[in-house]
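The structure file data_11.txt is reproduced below (compact mmCIF, C-alpha atoms and all ligand atoms).
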# COMPACT_ATOMS: atom_id res chain seq x y z
CA MET M 1 13.75 89.18 5.65
CA ALA M 2 13.03 90.98 8.90
CA GLU M 3 12.41 88.86 11.98
CA PHE M 4 8.73 88.20 12.53
CA ASP M 5 7.19 89.81 15.60
CA PRO M 6 4.25 87.81 17.05
CA ALA M 7 3.08 90.97 18.83
CA ALA M 8 1.88 92.22 15.45
CA LEU M 9 -0.57 89.33 14.99
CA PRO M 10 -3.67 91.04 16.45
CA GLU M 11 -3.28 93.69 13.79
CA LEU M 12 -2.39 91.35 10.90
CA LEU M 13 -4.81 88.46 11.42
CA PRO M 14 -8.00 90.43 10.57
CA VAL M 15 -6.41 91.44 7.26
CA PHE M 16 -5.31 87.86 6.65
CA TYR M 17 -8.75 86.32 7.19
CA ARG M 18 -10.57 89.10 5.36
CA ARG M 19 -8.36 89.48 2.31
CA LEU M 20 -5.88 86.60 2.00
CA PHE M 21 -7.23 83.29 3.31
CA PRO M 22 -8.57 81.21 0.36
CA HIS M 23 -12.00 80.58 1.92
CA GLY M 24 -13.69 79.45 -1.30
CA VAL M 25 -11.44 76.59 -2.29
CA TYR M 26 -10.88 75.65 1.36
CA GLY M 27 -14.63 75.11 1.76
CA ARG M 28 -14.74 73.08 -1.46
CA TRP M 29 -11.98 70.84 -0.12
CA LEU M 30 -13.62 70.02 3.21
CA GLY M 31 -17.12 69.80 1.71
CA TYR M 32 -15.96 66.83 -0.42
CA GLY M 33 -18.61 67.55 -3.01
CA GLY M 34 -21.48 67.48 -0.56
CA VAL M 35 -21.85 63.78 -1.36
CA VAL M 36 -22.22 62.72 2.26
CA LYS M 37 -24.90 64.59 4.17
CA ASN M 38 -23.60 66.93 6.89
CA TYR M 39 -20.00 65.96 6.26
CA PHE M 40 -18.79 69.54 6.66
CA GLN M 41 -21.10 70.21 9.61
CA LEU M 42 -19.77 67.24 11.58
CA ARG M 43 -16.13 68.26 11.19
CA GLU M 44 -14.18 69.46 14.18
CA PHE M 45 -12.11 72.62 13.91
CA SER M 46 -10.10 73.97 16.75
CA PHE M 47 -8.78 77.48 17.16
CA THR M 48 -5.82 78.72 19.13
CA LEU M 49 -6.37 82.27 20.29
CA ARG M 50 -4.13 84.81 21.94
CA ASP M 51 -2.25 83.65 25.08
CA ASP M 52 -2.67 80.00 24.02
CA VAL M 53 -6.40 79.97 24.66
CA TYR M 54 -7.51 76.82 22.94
CA LEU M 55 -11.03 76.24 21.60
CA ARG M 56 -11.75 72.64 20.65
CA PHE M 57 -14.87 71.12 19.07
CA GLN M 58 -15.82 74.10 16.92
CA CYS M 59 -18.10 73.27 14.00
CA PHE M 60 -19.98 75.18 11.33
CA SER M 61 -23.11 74.70 9.28
CA SER M 62 -21.39 75.83 6.07
CA PRO M 63 -18.05 77.05 4.72
CA GLN M 64 -19.59 80.54 4.69
CA GLU M 65 -20.28 80.34 8.39
CA LEU M 66 -16.70 79.19 8.97
CA GLU M 67 -15.48 82.17 6.95
CA ARG M 68 -17.54 84.60 9.03
CA GLU M 69 -16.34 83.00 12.25
CA LEU M 70 -12.69 83.14 11.20
CA GLN M 71 -13.13 86.83 10.41
CA LYS M 72 -14.71 87.39 13.79
CA VAL M 73 -12.41 85.31 16.00
CA ASN M 74 -9.16 85.78 14.02
CA PRO M 75 -7.47 82.65 15.41
CA TYR M 76 -3.68 82.50 15.77
CA LYS M 77 -3.81 78.93 14.56
CA ILE M 78 -6.40 76.59 13.00
CA ASP M 79 -6.36 72.84 13.51
CA ILE M 80 -8.53 70.32 11.69
CA GLY M 81 -9.92 67.28 13.48
CA ALA M 82 -12.19 64.41 12.58
CA VAL M 83 -15.69 64.15 11.16
CA TYR M 84 -17.75 63.01 14.16
CA SER M 85 -20.90 61.01 14.72
CA HIS M 86 -22.64 64.11 16.07
CA ARG M 87 -22.02 67.82 15.78
CA PRO M 88 -18.75 68.42 17.66
CA SER M 89 -20.21 71.43 19.48
CA GLN M 90 -22.64 69.03 21.20
CA HIS M 91 -19.90 66.65 22.38
CA SER M 92 -20.60 67.24 26.08
CA THR M 93 -24.38 66.86 25.85
CA ILE M 94 -24.31 63.53 24.05
CA ARG M 95 -24.59 60.28 25.95
CA LEU M 96 -21.19 59.03 26.99
CA GLY M 97 -19.55 56.78 24.43
CA THR M 98 -21.80 57.66 21.51
CA PHE M 99 -19.85 60.75 20.44
CA GLN M 100 -17.19 59.19 18.23
CA PRO M 101 -14.78 60.29 15.52
CA ARG M 102 -15.95 58.59 12.32
CA GLU M 103 -13.70 59.71 9.50
CA LYS M 104 -10.62 61.74 8.80
CA GLU M 105 -7.94 62.16 6.19
CA LEU M 106 -4.96 59.89 6.78
CA VAL M 107 -2.31 62.35 7.92
CA PHE M 108 1.45 62.23 8.30
CA ASP M 109 3.56 64.61 10.33
CA ILE M 110 7.30 64.72 9.70
CA ASP M 111 9.25 66.95 12.00
CA MET M 112 12.91 67.87 11.64
CA THR M 113 13.54 67.53 15.38
CA ASP M 114 13.19 63.75 14.97
CA TYR M 115 16.38 63.78 12.91
CA ASP M 116 18.60 65.47 15.49
CA ASP M 117 20.86 62.43 15.90
CA VAL M 118 21.76 62.51 12.19
CA ARG M 119 21.97 66.26 11.50
CA THR M 120 25.27 68.08 11.91
CA CYS M 121 24.11 71.52 10.77
CA CYS M 122 21.24 72.34 13.17
CA SER M 123 19.38 70.99 16.17
CA SER M 124 15.90 71.14 17.71
CA ALA M 125 13.66 73.76 16.09
CA GLU M 126 16.32 75.14 13.77
CA ILE M 127 16.38 74.28 10.10
CA CYS M 128 18.57 75.41 7.21
CA SER M 129 18.66 74.80 3.48
CA LYS M 130 21.14 71.96 4.05
CA CYS M 131 18.94 69.81 6.27
CA TRP M 132 15.73 70.76 4.46
CA THR M 133 16.79 68.07 1.96
CA LEU M 134 15.65 65.55 4.59
CA MET M 135 12.10 66.81 4.12
CA THR M 136 12.43 66.63 0.34
CA ILE M 137 13.57 63.00 0.65
CA ALA M 138 10.73 62.24 3.06
CA VAL M 139 8.12 63.58 0.65
CA CYS M 140 9.62 61.66 -2.30
CA VAL M 141 9.90 58.36 -0.43
CA LEU M 142 6.43 58.52 1.13
CA ASP M 143 4.60 59.90 -1.86
CA ARG M 144 5.97 57.17 -4.09
CA ALA M 145 4.93 54.50 -1.60
CA LEU M 146 1.48 56.01 -1.06
CA VAL M 147 0.71 56.01 -4.75
CA GLU M 148 2.49 52.89 -5.99
CA ASP M 149 2.28 50.60 -2.97
CA LEU M 150 -0.86 51.70 -1.11
CA GLY M 151 -2.80 52.83 -4.17
CA VAL M 152 -3.97 56.20 -2.88
CA ARG M 153 -4.65 59.09 -5.21
CA HIS M 154 -5.33 62.41 -3.50
CA ARG M 155 -2.35 63.60 -1.43
CA LEU M 156 -1.93 67.14 -0.24
CA TRP M 157 1.60 67.93 0.99
CA VAL M 158 1.86 71.02 3.16
CA TYR M 159 4.80 72.88 4.69
CA SER M 160 4.08 73.16 8.41
CA GLY M 161 5.31 76.74 8.65
CA ARG M 162 8.38 76.00 10.69
CA ARG M 163 10.42 72.80 10.58
CA GLY M 164 8.41 70.04 8.94
CA VAL M 165 5.83 68.84 6.48
CA HIS M 166 2.37 67.34 6.71
CA CYS M 167 0.58 65.06 4.31
CA TRP M 168 -3.20 64.79 3.98
CA VAL M 169 -4.43 61.71 2.15
CA CYS M 170 -7.98 62.54 1.12
CA ASP M 171 -9.33 59.57 -0.87
CA ASP M 172 -12.94 58.68 0.05
CA THR M 173 -11.98 55.15 1.08
CA VAL M 174 -8.92 56.20 3.08
CA ARG M 175 -10.88 58.74 5.13
CA LYS M 176 -12.91 55.80 6.45
CA TRP M 177 -9.86 53.82 7.60
CA SER M 178 -9.88 52.53 11.18
CA PRO M 179 -7.02 53.32 13.58
CA THR M 180 -5.78 49.75 13.04
CA LEU M 181 -5.52 50.23 9.27
CA ARG M 182 -3.82 53.58 9.76
CA ALA M 183 -1.31 52.02 12.15
CA ALA M 184 -0.64 49.24 9.63
CA ALA M 185 0.10 51.82 6.93
CA VAL M 186 2.52 53.66 9.22
CA GLU M 187 4.14 50.36 10.18
CA TYR M 188 4.64 49.56 6.50
CA LEU M 189 6.21 53.00 5.95
CA THR M 190 8.57 52.75 8.93
CA LEU M 191 12.15 51.49 8.65
CA VAL M 192 13.99 53.52 11.29
CA LYS M 193 13.22 51.93 14.64
CA GLY M 194 14.31 52.55 18.22
CA GLY M 195 14.87 55.60 20.38
CA ALA M 196 17.92 57.60 21.40
CA GLU M 197 19.51 54.59 23.12
CA THR M 198 19.37 52.44 19.95
CA VAL M 199 22.61 52.80 17.95
CA LYS M 200 21.59 50.81 14.91
CA LYS M 201 18.06 51.79 13.92
CA VAL M 202 17.83 50.06 10.53
CA ASN M 203 18.46 46.34 10.12
CA LEU M 204 18.17 44.74 6.71
CA SER M 205 18.42 41.12 5.68
CA GLU M 206 17.64 39.16 2.56
CA PRO M 207 15.25 38.93 0.91
CA ILE M 208 15.09 42.70 0.59
CA HIS M 209 11.50 43.94 0.32
CA PRO M 210 10.79 45.94 -2.87
CA PHE M 211 9.69 48.87 -0.69
CA ILE M 212 13.20 49.07 0.77
CA ARG M 213 14.87 48.77 -2.61
CA ARG M 214 12.71 51.56 -4.06
CA SER M 215 13.25 53.75 -1.03
CA VAL M 216 17.02 53.31 -1.32
CA ASN M 217 16.73 54.33 -4.98
CA VAL M 218 15.13 57.61 -3.90
CA VAL M 219 17.63 58.28 -1.11
CA GLU M 220 20.54 57.56 -3.46
CA GLN M 221 19.59 60.52 -5.63
CA TYR M 222 20.23 62.90 -2.75
CA PHE M 223 22.79 61.08 -0.64
CA GLU M 224 26.05 62.42 -2.07
CA ALA M 225 25.05 66.08 -2.18
CA TYR M 226 23.15 65.98 1.11
CA ALA M 227 24.98 63.55 3.41
CA LEU M 228 28.51 63.38 2.01
CA GLU M 229 29.00 66.98 0.89
CA GLY M 230 26.41 68.92 2.91
CA GLN M 231 26.52 67.09 6.24
CA ASP M 232 30.03 65.69 5.62
CA ILE M 233 29.17 62.57 7.64
CA LEU M 234 32.58 60.98 7.02
CA GLY M 235 34.52 64.23 7.38
CA SER M 236 36.39 63.52 10.63
CA PRO M 237 37.19 60.48 12.83
CA GLU M 238 34.50 61.56 15.27
CA ARG M 239 31.92 61.64 12.49
CA TRP M 240 32.93 58.47 10.67
CA ASN M 241 32.99 56.50 13.88
CA LYS M 242 29.28 57.24 14.19
CA VAL M 243 28.78 55.71 10.75
CA LEU M 244 31.14 52.79 11.32
CA ALA M 245 29.22 51.89 14.48
CA LEU M 246 26.50 50.74 12.07
CA VAL M 247 28.89 48.51 10.08
CA PRO M 248 29.57 44.88 11.14
CA GLU M 249 32.85 44.41 12.98
CA GLU M 250 34.44 42.31 10.23
CA HIS M 251 34.36 45.36 7.93
CA ARG M 252 34.76 48.09 10.51
CA GLU M 253 38.45 47.64 11.31
CA VAL M 254 39.54 47.65 7.67
CA LEU M 255 37.54 50.80 6.95
CA GLN M 256 38.83 52.48 10.09
CA ALA M 257 42.38 51.89 8.88
CA GLU M 258 41.67 53.05 5.31
CA PHE M 259 39.51 56.13 5.97
CA PRO M 260 42.35 58.46 7.09
CA LYS M 261 44.13 57.82 3.77
CA LYS M 262 41.16 59.12 1.79
CA ARG M 263 40.62 62.75 0.94
CA ASP M 264 36.98 63.38 1.83
CA SER M 265 33.56 61.94 2.68
CA VAL M 266 32.81 61.07 -0.94
CA GLN M 267 35.94 58.95 -1.31
CA ARG M 268 35.43 57.25 2.04
CA TRP M 269 31.87 56.41 1.12
CA GLU M 270 33.04 54.90 -2.19
CA LEU M 271 35.30 52.62 -0.20
CA LEU M 272 32.55 51.55 2.22
CA LYS M 273 29.99 51.10 -0.51
CA GLY M 274 32.34 49.10 -2.75
CA ARG M 275 33.17 46.76 0.09
CA MET M 276 29.48 46.14 0.86
CA GLU M 277 28.59 45.66 -2.80
CA ARG M 278 31.25 42.95 -3.11
CA THR M 279 29.56 40.96 -0.32
CA ARG M 280 26.38 40.96 -2.39
CA VAL M 281 27.73 39.76 -5.75
CA SER M 282 25.89 36.49 -6.24
CA GLY M 283 27.95 33.36 -6.65
CA SER M 284 31.24 34.97 -5.70
CA GLY M 285 33.37 33.16 -3.18
CA ALA M 286 30.77 30.39 -2.79
CA GLY M 287 29.26 31.55 0.48
CA LYS M 288 32.53 32.98 1.79
CA SER M 289 30.95 36.17 3.07
CA THR M 290 27.40 36.91 4.16
CA PRO M 291 25.67 39.60 2.09
CA CYS M 292 25.93 42.87 3.97
CA TYR M 293 23.69 45.90 3.46
CA ALA M 294 25.42 48.30 5.84
CA ASP M 295 25.66 50.98 3.12
CA TRP M 296 21.89 50.86 2.65
CA GLU M 297 21.34 50.78 6.39
CA VAL M 298 23.47 53.91 6.81
CA MET M 299 21.65 55.70 3.98
CA LEU M 300 18.28 54.84 5.48
CA GLN M 301 19.22 55.65 9.07
CA PHE M 302 20.50 59.06 7.99
CA CYS M 303 17.82 59.94 5.43
CA PHE M 304 14.70 57.78 5.62
CA PRO M 305 11.52 59.59 6.79
CA ARG M 306 10.74 59.42 10.49
CA LEU M 307 7.01 59.41 11.20
CA ASP M 308 5.06 60.18 14.34
CA ILE M 309 2.79 57.13 14.53
CA ASN M 310 0.32 58.67 17.00
CA VAL M 311 -0.54 61.55 14.67
CA SER M 312 -1.35 59.12 11.86
CA LYS M 313 -3.07 56.45 13.91
CA GLY M 314 -5.66 58.48 15.84
CA VAL M 315 -8.75 59.40 13.85
CA GLY M 316 -9.53 62.12 16.41
CA HIS M 317 -6.02 63.59 16.32
CA LEU M 318 -5.83 67.25 15.32
CA LEU M 319 -3.41 68.62 12.76
CA LYS M 320 -2.60 72.18 11.83
CA SER M 321 -4.66 73.28 8.85
CA PRO M 322 -3.24 74.30 5.49
CA PHE M 323 -3.12 78.11 5.22
CA SER M 324 -2.96 78.49 8.98
CA VAL M 325 -0.36 80.93 10.26
CA HIS M 326 2.53 79.58 12.31
CA PRO M 327 2.23 81.77 15.41
CA LYS M 328 6.01 81.77 16.06
CA THR M 329 7.45 82.27 12.58
CA GLY M 330 4.45 84.00 11.00
CA ARG M 331 4.84 81.72 7.98
CA ILE M 332 1.76 80.38 6.25
CA SER M 333 1.46 76.60 6.03
CA VAL M 334 1.35 76.34 2.28
CA PRO M 335 0.72 73.38 -0.02
CA MET M 336 3.82 72.12 -1.82
CA ASP M 337 4.02 71.57 -5.56
CA LEU M 338 5.42 68.07 -6.03
CA GLN M 339 6.40 68.91 -9.63
CA ARG M 340 8.81 71.48 -8.23
CA LEU M 341 9.64 69.84 -4.93
CA ASP M 342 13.41 70.25 -5.28
CA GLN M 343 12.95 74.00 -5.64
CA PHE M 344 10.74 74.38 -2.57
CA ASP M 345 12.41 76.81 -0.19
CA PRO M 346 10.89 77.09 3.32
CA PHE M 347 12.63 80.43 3.79
CA ALA M 348 10.88 81.86 0.72
CA VAL M 349 7.43 81.00 2.05
CA PRO M 350 5.53 84.23 2.75
CA THR M 351 4.83 85.34 6.29
CA ILE M 352 1.63 87.05 7.35
CA SER M 353 3.52 90.32 7.70
CA SER M 354 5.21 90.09 4.30
CA LEU M 355 1.82 89.39 2.68
CA CYS M 356 0.19 92.36 4.38
CA GLN M 357 3.04 94.56 3.15
CA GLU M 358 2.52 93.23 -0.37
CA LEU M 359 -1.18 94.09 -0.12
CA ASP M 360 -0.37 97.62 1.00
CA ALA M 361 2.06 98.07 -1.87
CA ALA M 362 -0.42 96.66 -4.40
CA SER M 363 -3.31 98.85 -3.25
CA GLY M 364 -1.02 101.88 -3.22
CA ASP M 365 -0.21 101.21 -6.88
CA ARG M 366 -3.84 100.82 -7.80
CA GLU M 367 -4.99 103.98 -6.11
CA GLN M 368 -2.36 105.89 -8.06
CA ASP M 369 -3.45 104.26 -11.31
CA SER M 370 -7.18 104.71 -11.03
CA GLY M 371 -7.57 107.43 -8.46
CA GLU M 372 -9.73 105.15 -6.31
CA THR M 373 -10.39 106.38 -2.84
CA GLU M 374 -13.11 104.02 -1.62
CA PRO M 375 -11.61 100.68 -0.60
CA LYS M 376 -13.49 97.90 -2.37
CA ARG M 377 -14.14 94.43 -1.00
CA HIS M 378 -11.26 92.44 -2.47
CA VAL M 379 -12.42 88.86 -2.61
CA ARG M 380 -9.32 87.57 -4.37
CA ASP M 381 -6.69 89.83 -2.93
CA TYR M 382 -4.28 86.94 -2.39
CA LYS M 383 -3.88 86.82 -6.17
CA ARG M 384 -1.90 90.02 -5.96
CA THR M 385 0.54 88.57 -3.45
CA SER M 386 3.16 85.83 -3.31
CA LEU M 387 0.54 83.56 -1.73
CA ALA M 388 -1.03 83.11 -5.18
CA PRO M 389 1.14 80.23 -6.50
CA TYR M 390 0.51 78.23 -3.33
CA VAL M 391 -3.26 78.75 -3.58
CA ARG M 392 -2.98 77.60 -7.19
CA VAL M 393 -1.37 74.32 -6.04
CA PHE M 394 -4.23 73.88 -3.59
CA GLU M 395 -6.84 74.64 -6.29
CA GLN M 396 -5.29 72.07 -8.60
CA PHE M 397 -5.46 69.48 -5.84
CA VAL M 398 -9.15 70.23 -5.14
CA GLU M 399 -10.00 70.37 -8.86
CA GLU M 400 -8.44 66.95 -9.38
CA MET M 401 -10.61 65.53 -6.59
CA GLU M 402 -13.70 67.17 -8.10
CA HIS M 403 -12.81 65.83 -11.53
CA VAL M 404 -12.51 62.27 -10.24
CA ARG M 405 -15.74 62.62 -8.26
CA ARG M 406 -17.67 63.80 -11.35
CA GLY M 407 -16.30 60.89 -13.34
CA GLU M 408 -17.41 58.51 -10.61
CA LEU M 409 -20.93 60.00 -10.49
CA LEU M 410 -21.24 59.78 -14.28
CA ARG M 411 -20.09 56.19 -14.25
CA ARG M 412 -22.71 55.33 -11.64
CA SER M 413 -25.53 57.06 -13.48
CA ASP M 414 -24.50 55.24 -16.69
CA LEU M 415 -24.68 51.96 -14.84
CA GLN M 416 -28.13 52.80 -13.58
CA GLY M 417 -29.20 53.70 -17.12
CA ASP M 418 -28.12 50.28 -18.34
CA PHE M 419 -30.40 48.40 -15.99
ZN ZN M 501 20.36 72.49 9.06
Structure encoded using structure tokens:
Amino acid sequence: MAEFDPAALPELLPVFYRRLFPHGVYGRWLGYGGVVKNYFQLREFSFTLRDDVYLRFQCFSSPQELERELQKVNPYKIDIGAVYSHRPSQHSTIRLGTFQPREKELVFDIDMTDYDDVRTCCSSAEICSKCWTLMTIAVCVLDRALVEDLGVRHRLWVYSGRRGVHCWVCDDTVRKWSPTLRAAAVEYLTLVKGGAETVKKVNLSEPIHPFIRRSVNVVEQYFEAYALEGQDILGSPERWNKVLALVPEEHREVLQAEFPKKRDSVQRWELLKGRMERTRVSGSGAGKSTPCYADWEVMLQFCFPRLDINVSKGVGHLLKSPFSVHPKTGRISVPMDLQRLDQFDPFAVPTISSLCQELDAASGDREQDSGETEPKRHVRDYKRTSLAPYVRVFEQFVEEMEHVRRGELLRRSDLQGDF
């Protein structure tokens, strides 16, 4: 694919917001069924315009007004903020301290740059298909924990458009969570601790929490192909010393002596793992060795999701909206289909320019077929482009929420009928 040129955005964005952005279902999402009065109206949006002009505290009386405004302003980027106590546009006229963020989705932001100390293929903003596996693992680990451990239901996973993923947890109860509750959830979901100066960032001891055991189960499914073959983390003395620095001294020397005799990372890992597993066989040696989880610690340090706590904790924190354009790559931040997560390819995600080309090609075909000359208003033009499957994922997510909400309303009206 041709390199994206941000200079083309002023020309492409009007087409995007007029013909491609899924305004209808987007409005249904953020309206949350209209159950709470003014919920949509109290929501903060912020727009990034040309030359990094940043407009915060935008708000709209209806999804239709938002649609018109998007088509007028053509923002380079859309961020979504909290639902406030008052209309966000009035934030400066309201008595100090009374303008407060009330509710927001619980959000997670996972960024590949936070894994630079454990990636060998790329650094900083770069990603490739090899390290993208880290994002796949992050989604699997967190999504399992969100559903099974924290009991949430409505999760929207979105590719950020460049080098990471976002998660929006949209359950009615979760949107009301305080910063303290949000911080507690992030704390629960965090295993990798310490900054650049910390060598060993994961420390496990018995009893092992079920969350750790289940997370290791997820990582194990990817570890050989990703870390041993793809990243080749035991491929050379320089690399394996980084791993052995995480292993207790009593095991380190033996492994250091044995590693050169092995053929590759996979064999060396077998050796390390076998040694650790023997320390954990219950009853053996009658307390001769202390159980050691260095193999798990290595797996988690290299693969476990790394979260930005501040993004998740702050109710007023802004996060890039689904279906916003990434102004540098031109890629659309698209929802991810968890059923086909392993096939998700960030490099196959359409860019604003590729979509506009697809539209041109499609309308060219149609004019030839039907002899149309007058351009019609194409409300669902995205359906004729490669954006369609991603909008479908989004629709399914919103439909599921609507389905649950209807069930809940019916249940309540039944209860009222009984009394
Ligand atoms: Zn890479």
Exercise for review: Would you be able to write out as number ranges by chain which residues have an atom within 9 Å of (-6.8, 82.6, 20.6) in the file's coordinates, counting only C-alpha atoms?
Suggested key: M: 47-55, 73-77
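The residue that comes closest to Val118 in chain M, out of M:Ala225, M:Ile233, M:Val165, M:Cys170 and on the basis of only C-alpha atoms, is M:Ile233.
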Test item: residues at most 10 Å from Leu255 in chain M, only C-alpha atoms, excluding those fewer than 3 positions along its chain, as a PyMOL selection string: chain M and resi 240+244+247+249-252+258-260+268-269+271-272+275
Do a neighbour search on range 295-303 of chain M at 6 Å with all atoms listed in the file, toss out local chain neighbours closer than 2 positions, and write the hits as a VMD selection string. chain M and resid 118 202 273 293
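For ligand ZN 501 (chain M), the neighbouring protein, DNA and RNA residues, which are those within 6 Å when all atoms listed in the file are counted, are Cys121, Cys122, Ile127, Cys128, Lys130 and Cys131 of chain M.
Between CA of Thr279 in chain M and CA of Pro291 in chain M there is a distance of 4.8 Å.
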Write out as a VMD selection string the residues lying within 8 Å of Lys313 in chain M, counting only C-alpha atoms and excluding same-chain residues fewer than 2 positions away.
chain M and resid 179 to 180 182 to 183 186 309 to 311 315
Between M:Val35, M:Leu234, M:Cys140, M:Ala196, smallest distance to Val216 in chain M by all atoms listed in the file belongs to M:Cys140
- request: List the neighbours of Ala185 in chain M out to 12 Å using all atoms listed in the file; skip same-chain residues closer than 6 positions along the sequence, and give me the result as number ranges by chain.
  value: M: 106-108, 142, 145-146, 149-152, 169, 174, 177-179, 307, 309, 312-313
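Going from CA of Arg412 in chain M to CA of Thr173 in chain M covers 16.6 Å.
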If you count all atoms listed in the file, the residue of M:Ile137, M:Val243, M:Leu96, M:Leu9 closest to Arg331 in chain M turns out to be M:Leu9
Determine, using only C-alpha atoms, which residues of range 132-165 of chain M have any atom at most 9 Å from an atom of range 390-398 of chain M, and tabulate each with its shortest atom pair and distance in Å to one decimal place, rows ordered by chain and then rising number, as a tab-separated table.
residue	atom	partner	partner_atom	distance
M:His154	CA	M:Phe397	CA	7.4
M:Arg155	CA	M:Phe397	CA	8.0
M:Leu156	CA	M:Phe397	CA	7.0
Would you output that residue set with C-alpha atoms, as an mmCIF file, keeping the file's coordinate frame?
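The file below, result-v3.cif, is the result:
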data_model
loop_
_atom_site.group_PDB
_atom_site.id
_atom_site.type_symbol
_atom_site.label_atom_id
_atom_site.label_comp_id
_atom_site.auth_asym_id
_atom_site.auth_seq_id
_atom_site.Cartn_x
_atom_site.Cartn_y
_atom_site.Cartn_z
ATOM 1 C CA HIS M 154 -5.330 62.410 -3.500
ATOM 2 C CA ARG M 155 -2.350 63.600 -1.430
ATOM 3 C CA LEU M 156 -1.930 67.140 -0.240
#
Of M:Gly195, M:Gly235, M:Gly31, M:Gly364, the one nearest to Gln64 in chain M when counting all atoms listed in the file is M:Gly31
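Among the candidates M:Glu399, M:His23, M:Val266, M:Gly161, the one nearest to Ile352 in chain M when counting all atoms listed in the file is M:Gly161.
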Counting all atoms listed in the file, closest pick from M:Ser324, M:Glu220, M:Ser129, M:Gly33 relative to Leu70 in chain M is M:Ser324
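Atom to atom, CA of Pro14 in chain M and CA of Ser333 in chain M stand 17.4 Å apart.
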Counting only C-alpha atoms, find residues at most 9 Å from (7.9, 73.4, 17.7) (file frame) and give them as a VMD selection string.
chain M and resid 111 113 124 to 125 162 to 163 328
Quiz item: Which residues come within 8 Å of Gly164 in chain M, counting only C-alpha atoms, excluding same-chain residues fewer than 4 positions away, as a PyMOL selection string?
Solution: chain M and resi 109-112+135+159-160
Reconstruct all heavy atoms of range 317-321 of chain M from the incomplete input and present them as a PDB file, in the frame of the given file.
ATOM      1  N   HIS M 317      -7.189  62.717  16.144  1.00  0.00           N
ATOM      2  CA  HIS M 317      -6.020  63.590  16.320  1.00  0.00           C
ATOM      3  C   HIS M 317      -6.158  64.858  15.472  1.00  0.00           C
ATOM      4  O   HIS M 317      -6.598  64.805  14.340  1.00  0.00           O
ATOM      5  CB  HIS M 317      -4.771  62.821  15.906  1.00  0.00           C
ATOM      6  CG  HIS M 317      -3.541  63.238  16.641  1.00  0.00           C
ATOM      7  ND1 HIS M 317      -2.907  64.434  16.401  1.00  0.00           N
ATOM      8  CD2 HIS M 317      -2.837  62.632  17.617  1.00  0.00           C
ATOM      9  CE1 HIS M 317      -1.865  64.523  17.198  1.00  0.00           C
ATOM     10  NE2 HIS M 317      -1.794  63.453  17.956  1.00  0.00           N
ATOM     11  N   LEU M 318      -5.751  65.982  16.045  1.00  0.00           N
ATOM     12  CA  LEU M 318      -5.830  67.250  15.320  1.00  0.00           C
ATOM     13  C   LEU M 318      -4.524  67.541  14.613  1.00  0.00           C
ATOM     14  O   LEU M 318      -3.456  67.169  15.090  1.00  0.00           O
ATOM     15  CB  LEU M 318      -6.132  68.388  16.298  1.00  0.00           C
ATOM     16  CG  LEU M 318      -7.514  68.321  16.947  1.00  0.00           C
ATOM     17  CD1 LEU M 318      -7.462  68.874  18.359  1.00  0.00           C
ATOM     18  CD2 LEU M 318      -8.536  69.073  16.112  1.00  0.00           C
ATOM     19  N   LEU M 319      -4.619  68.200  13.468  1.00  0.00           N
ATOM     20  CA  LEU M 319      -3.410  68.620  12.760  1.00  0.00           C
ATOM     21  C   LEU M 319      -3.621  70.036  12.236  1.00  0.00           C
ATOM     22  O   LEU M 319      -4.712  70.395  11.793  1.00  0.00           O
ATOM     23  CB  LEU M 319      -3.107  67.656  11.600  1.00  0.00           C
ATOM     24  CG  LEU M 319      -1.765  67.865  10.898  1.00  0.00           C
ATOM     25  CD1 LEU M 319      -0.587  67.534  11.822  1.00  0.00           C
ATOM     26  CD2 LEU M 319      -1.667  67.000   9.642  1.00  0.00           C
ATOM     27  N   LYS M 320      -2.544  70.805  12.288  1.00  0.00           N
ATOM     28  CA  LYS M 320      -2.600  72.180  11.830  1.00  0.00           C
ATOM     29  C   LYS M 320      -3.101  72.254  10.385  1.00  0.00           C
ATOM     30  O   LYS M 320      -2.660  71.502   9.529  1.00  0.00           O
ATOM     31  CB  LYS M 320      -1.196  72.771  11.910  1.00  0.00           C
ATOM     32  CG  LYS M 320      -1.082  74.207  11.555  1.00  0.00           C
ATOM     33  CD  LYS M 320       0.134  74.776  12.271  1.00  0.00           C
ATOM     34  CE  LYS M 320       0.484  76.124  11.777  1.00  0.00           C
ATOM     35  NZ  LYS M 320       1.374  76.051  10.607  1.00  0.00           N
ATOM     36  N   SER M 321      -4.014  73.160  10.150  1.00  0.00           N
ATOM     37  CA  SER M 321      -4.660  73.280   8.850  1.00  0.00           C
ATOM     38  C   SER M 321      -3.734  73.918   7.820  1.00  0.00           C
ATOM     39  O   SER M 321      -2.932  74.785   8.148  1.00  0.00           O
ATOM     40  CB  SER M 321      -5.906  74.150   9.001  1.00  0.00           C
ATOM     41  OG  SER M 321      -6.399  74.513   7.744  1.00  0.00           O
TER      42      SER M 321
END
